[in-house]
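J.: Below is one structure. I have some questions about it.
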Amino acid sequence: MKRNIHLTFTTKLVTMICLFHIAAISAVSYLNYQRYSRQVTGQTIALQDEIQICLDYLSIMQLRYEDKLTYHMEIDPTLYHCQIPSLSVQPLVENAIKHGCEKSRNAAHIEILARPESAGYLIQVTDNGPGILPEKLRQINEQICTISALPKNPAHDRHNAEDTTPPQGSIGLINICKRLLLKFGEDTRINIASDCGRGTTVILHIPDKQIGG
């Protein structure tokens with residue numbers, strides 16, 4: 001009997017320690033996310049810092065959704081120093097989680113990839129959510145194409161790009177597109193592919209001259 005009582009106490013103690021550890025990590029992630037997202041909004045930051053914002057956000061969301069949310073990340077270390085408008089990737093992750101976890105009964109899986117390509121580098125965010133309806137996807141792509149084709153007015157574009165509201169949904173994609181075009185020019189591209197019932201992939205093609213082709 002004493003052994004069982006001791007085992008029960010030990011089990012509860014270990015469980016409490018584990019829960020405390022998880023809560024502490026989550027609290028740190030939350031504070032880091034809040035601090036970063038507020039301080040860097042409207043600024044240009046290193047890709048490594050943008051990825052850290054994504055990691056902190058994912059840690060917070062995993063506490064909320066538990067086993068329903070997993071992720072995989074592959075970031076080429078040679079890209080860490082590359083400068084990118086802040087909150088260019090995190091809103092894509094947020095959208096993926098929102099549609100993957102909140103609108104699907106299945107477990108959500110997010111993949112984040114960044115690697116060099118011939119004229120710069122790409123950042124890809126993929127989810128296994130319900131996907132985007134074809135008509136909605138067409139509208140979003142048309143908006144992005146329209147913005148990419150507009151004559152550039154640096155003063156006007158800079159004013160619009162300095163919106164400090166956190167980007168969300170299709171509005172967030174348009175906002176990201178505007179800021180990337182302002183920073184990197186007309187060779188910047190955003191590709192969105194989606195298959196209903198299978199998920200969505202968003203790819204940012206960034207023509208960064210810091211990257212050798």
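In the structure tokens, chains take letters A, B, ... by order of appearance, with residues numbered from 1 within each chain and ligands from 1 in the order shown.
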Which neighbours of Ile84 of chain A fall inside 10 Å, counting only C-alpha atoms, when residues of the same chain fewer than 3 positions from it are skipped, and could you give them as a PDB file with N, CA and C atoms, in the first residue's frame?
T.:
```pdb
ATOM      1  N   GLN A  43       8.390  47.322 -39.912  1.00  0.00           N
ATOM      2  CA  GLN A  43       9.835  47.362 -40.074  1.00  0.00           C
ATOM      3  C   GLN A  43      10.316  46.230 -40.972  1.00  0.00           C
ATOM      4  N   THR A  44      11.582  46.303 -41.322  1.00  0.00           N
ATOM      5  CA  THR A  44      12.239  45.226 -42.051  1.00  0.00           C
ATOM      6  C   THR A  44      13.123  44.477 -41.060  1.00  0.00           C
ATOM      7  N   ILE A  45      12.996  43.160 -41.040  1.00  0.00           N
ATOM      8  CA  ILE A  45      13.753  42.362 -40.076  1.00  0.00           C
ATOM      9  C   ILE A  45      14.415  41.185 -40.783  1.00  0.00           C
ATOM     10  N   ALA A  46      15.334  40.530 -40.093  1.00  0.00           N
ATOM     11  CA  ALA A  46      15.981  39.343 -40.645  1.00  0.00           C
ATOM     12  C   ALA A  46      14.971  38.206 -40.729  1.00  0.00           C
ATOM     13  N   LEU A  47      15.113  37.375 -41.754  1.00  0.00           N
ATOM     14  CA  LEU A  47      14.217  36.244 -41.912  1.00  0.00           C
ATOM     15  C   LEU A  47      14.252  35.351 -40.670  1.00  0.00           C
ATOM     16  N   GLN A  48      15.409  35.227 -40.068  1.00  0.00           N
ATOM     17  CA  GLN A  48      15.538  34.418 -38.852  1.00  0.00           C
ATOM     18  C   GLN A  48      14.599  34.919 -37.752  1.00  0.00           C
ATOM     19  N   ASP A  49      14.469  36.244 -37.621  1.00  0.00           N
ATOM     20  CA  ASP A  49      13.575  36.809 -36.616  1.00  0.00           C
ATOM     21  C   ASP A  49      12.111  36.573 -36.984  1.00  0.00           C
ATOM     22  N   GLU A  50      11.800  36.673 -38.267  1.00  0.00           N
ATOM     23  CA  GLU A  50      10.431  36.400 -38.715  1.00  0.00           C
ATOM     24  C   GLU A  50      10.054  34.950 -38.437  1.00  0.00           C
ATOM     25  N   HIS A  81      19.990  35.698 -42.654  1.00  0.00           N
ATOM     26  CA  HIS A  81      20.328  37.121 -42.591  1.00  0.00           C
ATOM     27  C   HIS A  81      19.485  37.972 -43.537  1.00  0.00           C
ATOM     28  N   LEU A  87       6.267  40.485 -40.365  1.00  0.00           N
ATOM     29  CA  LEU A  87       4.948  39.877 -40.477  1.00  0.00           C
ATOM     30  C   LEU A  87       4.568  39.596 -41.931  1.00  0.00           C
ATOM     31  N   SER A  88       5.543  39.057 -42.663  1.00  0.00           N
ATOM     32  CA  SER A  88       5.278  38.605 -44.030  1.00  0.00           C
ATOM     33  C   SER A  88       4.965  37.111 -44.072  1.00  0.00           C
ATOM     34  N   VAL A  89       5.423  36.377 -43.068  1.00  0.00           N
ATOM     35  CA  VAL A  89       5.227  34.924 -43.042  1.00  0.00           C
ATOM     36  C   VAL A  89       4.232  34.511 -41.960  1.00  0.00           C
ATOM     37  N   ARG A 179       3.610  45.066 -49.575  1.00  0.00           N
ATOM     38  CA  ARG A 179       4.858  45.364 -48.862  1.00  0.00           C
ATOM     39  C   ARG A 179       6.066  44.690 -49.509  1.00  0.00           C
ATOM     40  N   LEU A 180       5.863  43.475 -50.026  1.00  0.00           N
ATOM     41  CA  LEU A 180       6.966  42.791 -50.705  1.00  0.00           C
ATOM     42  C   LEU A 180       7.309  43.488 -52.020  1.00  0.00           C
ATOM     43  N   LYS A 183       9.301  46.561 -51.256  1.00  0.00           N
ATOM     44  CA  LYS A 183      10.655  46.260 -50.808  1.00  0.00           C
ATOM     45  C   LYS A 183      11.528  45.696 -51.925  1.00  0.00           C
ATOM     46  N   PHE A 184      10.982  44.758 -52.720  1.00  0.00           N
ATOM     47  CA  PHE A 184      11.809  44.001 -53.662  1.00  0.00           C
ATOM     48  C   PHE A 184      11.525  44.277 -55.140  1.00  0.00           C
ATOM     49  N   ILE A 206      10.894  35.741 -53.719  1.00  0.00           N
ATOM     50  CA  ILE A 206      11.517  37.037 -53.366  1.00  0.00           C
ATOM     51  C   ILE A 206      12.835  37.201 -54.105  1.00  0.00           C
ATOM     52  N   ASP A 208      15.716  38.567 -54.006  1.00  0.00           N
ATOM     53  CA  ASP A 208      16.682  39.237 -53.140  1.00  0.00           C
ATOM     54  C   ASP A 208      18.075  39.173 -53.762  1.00  0.00           C
TER      55      ASP A 208
END
```
J.: Env of Ile140 of chain A: 12 Å cut, atoms = only C-alpha atoms, seq-sep filter 6 positions within chain, self excluded. Answer as a list in words.
T.: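 So, after excluding close chain neighbours, the residues are Ile132, Leu133, Pro134, Thr146, Ile147, Gly169, Ser170, Ile171, Gly172, Leu173, Ile174, Asn175, Cys177, Ile190, Asn191, Ile192, Ala193, Ser194 and Val202 of chain A.
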J.: Keeping only N, CA and C atoms, write the selected residues to a file as a PDB file, in the first residue's frame.
T.:
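Just written: selection37.pdb:
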```pdb
ATOM      1  N   ILE A 132      -9.358  26.298 -50.511  1.00  0.00           N
ATOM      2  CA  ILE A 132     -10.103  27.503 -50.875  1.00  0.00           C
ATOM      3  C   ILE A 132     -11.016  27.168 -52.056  1.00  0.00           C
ATOM      4  N   LEU A 133     -12.235  27.626 -51.990  1.00  0.00           N
ATOM      5  CA  LEU A 133     -13.168  27.390 -53.092  1.00  0.00           C
ATOM      6  C   LEU A 133     -12.623  28.031 -54.374  1.00  0.00           C
ATOM      7  N   PRO A 134     -12.798  27.377 -55.525  1.00  0.00           N
ATOM      8  CA  PRO A 134     -12.221  27.870 -56.788  1.00  0.00           C
ATOM      9  C   PRO A 134     -12.544  29.331 -57.094  1.00  0.00           C
ATOM     10  N   THR A 146      -3.545  42.179 -60.120  1.00  0.00           N
ATOM     11  CA  THR A 146      -3.862  43.595 -60.341  1.00  0.00           C
ATOM     12  C   THR A 146      -2.872  44.486 -59.606  1.00  0.00           C
ATOM     13  N   ILE A 147      -2.578  44.152 -58.360  1.00  0.00           N
ATOM     14  CA  ILE A 147      -1.624  44.943 -57.575  1.00  0.00           C
ATOM     15  C   ILE A 147      -0.232  44.876 -58.189  1.00  0.00           C
ATOM     16  N   GLY A 169      -6.411  36.884 -43.360  1.00  0.00           N
ATOM     17  CA  GLY A 169      -7.217  36.448 -44.492  1.00  0.00           C
ATOM     18  C   GLY A 169      -6.688  36.954 -45.818  1.00  0.00           C
ATOM     19  N   SER A 170      -7.607  37.083 -46.800  1.00  0.00           N
ATOM     20  CA  SER A 170      -7.202  37.540 -48.130  1.00  0.00           C
ATOM     21  C   SER A 170      -6.697  38.979 -48.081  1.00  0.00           C
ATOM     22  N   ILE A 171      -7.240  39.786 -47.155  1.00  0.00           N
ATOM     23  CA  ILE A 171      -6.741  41.154 -46.982  1.00  0.00           C
ATOM     24  C   ILE A 171      -5.289  41.114 -46.555  1.00  0.00           C
ATOM     25  N   GLY A 172      -4.959  40.145 -45.689  1.00  0.00           N
ATOM     26  CA  GLY A 172      -3.579  39.996 -45.254  1.00  0.00           C
ATOM     27  C   GLY A 172      -2.652  39.642 -46.399  1.00  0.00           C
ATOM     28  N   LEU A 173      -3.113  38.767 -47.301  1.00  0.00           N
ATOM     29  CA  LEU A 173      -2.305  38.400 -48.464  1.00  0.00           C
ATOM     30  C   LEU A 173      -2.041  39.612 -49.355  1.00  0.00           C
ATOM     31  N   ILE A 174      -3.061  40.433 -49.545  1.00  0.00           N
ATOM     32  CA  ILE A 174      -2.905  41.633 -50.368  1.00  0.00           C
ATOM     33  C   ILE A 174      -1.916  42.588 -49.715  1.00  0.00           C
ATOM     34  N   ASN A 175      -2.025  42.723 -48.398  1.00  0.00           N
ATOM     35  CA  ASN A 175      -1.118  43.599 -47.665  1.00  0.00           C
ATOM     36  C   ASN A 175       0.320  43.115 -47.769  1.00  0.00           C
ATOM     37  N   CYS A 177       1.543  41.269 -50.159  1.00  0.00           N
ATOM     38  CA  CYS A 177       1.946  41.489 -51.558  1.00  0.00           C
ATOM     39  C   CYS A 177       2.422  42.924 -51.769  1.00  0.00           C
ATOM     40  N   ILE A 190       3.725  36.165 -55.789  1.00  0.00           N
ATOM     41  CA  ILE A 190       3.029  35.347 -54.794  1.00  0.00           C
ATOM     42  C   ILE A 190       2.155  34.357 -55.544  1.00  0.00           C
ATOM     43  N   ASN A 191       2.390  33.083 -55.322  1.00  0.00           N
ATOM     44  CA  ASN A 191       1.594  32.028 -55.956  1.00  0.00           C
ATOM     45  C   ASN A 191       0.750  31.325 -54.900  1.00  0.00           C
ATOM     46  N   ILE A 192      -0.510  31.143 -55.206  1.00  0.00           N
ATOM     47  CA  ILE A 192      -1.418  30.441 -54.297  1.00  0.00           C
ATOM     48  C   ILE A 192      -2.049  29.281 -55.048  1.00  0.00           C
ATOM     49  N   ALA A 193      -1.874  28.094 -54.515  1.00  0.00           N
ATOM     50  CA  ALA A 193      -2.491  26.892 -55.089  1.00  0.00           C
ATOM     51  C   ALA A 193      -3.324  26.232 -54.006  1.00  0.00           C
ATOM     52  N   SER A 194      -4.524  25.802 -54.363  1.00  0.00           N
ATOM     53  CA  SER A 194      -5.390  25.192 -53.366  1.00  0.00           C
ATOM     54  C   SER A 194      -6.247  24.115 -54.004  1.00  0.00           C
ATOM     55  N   VAL A 202       0.904  28.533 -50.198  1.00  0.00           N
ATOM     56  CA  VAL A 202       1.233  29.910 -50.582  1.00  0.00           C
ATOM     57  C   VAL A 202       2.750  30.004 -50.708  1.00  0.00           C
TER      58      VAL A 202
END
```
J.: Residues within 8 Å of Leu79 of chain A, please, as a PyMOL selection string. Count only C-alpha atoms; anything in the same chain fewer than 3 positions from it doesn't count.
T.: chain A and resi 47-48+75-76+82+114-116+211
J.: Calculated over only C-alpha atoms, which of the candidates A:Thr188, A:Ala108, A:His99, A:Leu137 has the smallest distance to Gln62 of chain A?
T.: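 Under the stated criterion, the closest residue is A:Ala108.
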J.: With only C-alpha atoms as the basis for distance, which of A:Ser118, A:Asn128, A:Ser86, A:Thr78 is at the shortest distance from Cys101 of chain A?
T.: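 Nearest to Cys101 of chain A: A:Asn128.
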J.: Taking into account only C-alpha atoms, which residue in the set A:Gln143, A:Ser148, A:Gln52, A:Gln124 is nearest to Leu204 of chain A?
T.: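 The answer is A:Gln124, which sits nearest to Leu204 of chain A.
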J.: Skip Tyr65 of chain A itself and residues of its chain fewer than 6 positions away, then list as a list in words all residues within 12 Å of it, counting only C-alpha atoms.
T.: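 Contacts, with the query itself left out: Leu58, Ser59, Ile97, Lys98, Gly100, Cys101, Glu102, Arg105, Asn106, Ala107, Ala108 and His109 of chain A.
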J.: So what do you get for atom CA of Thr126 of chain A versus atom CA of His72 of chain A, distance-wise?
T.: 9.9 Å
J.: Quick one: distance from atom CA of Gly129 of chain A to atom CA of Glu74 of chain A in Å, one decimal?
T.: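 Going from atom CA of Gly129 of chain A over to atom CA of Glu74 of chain A covers 19.9 Å.
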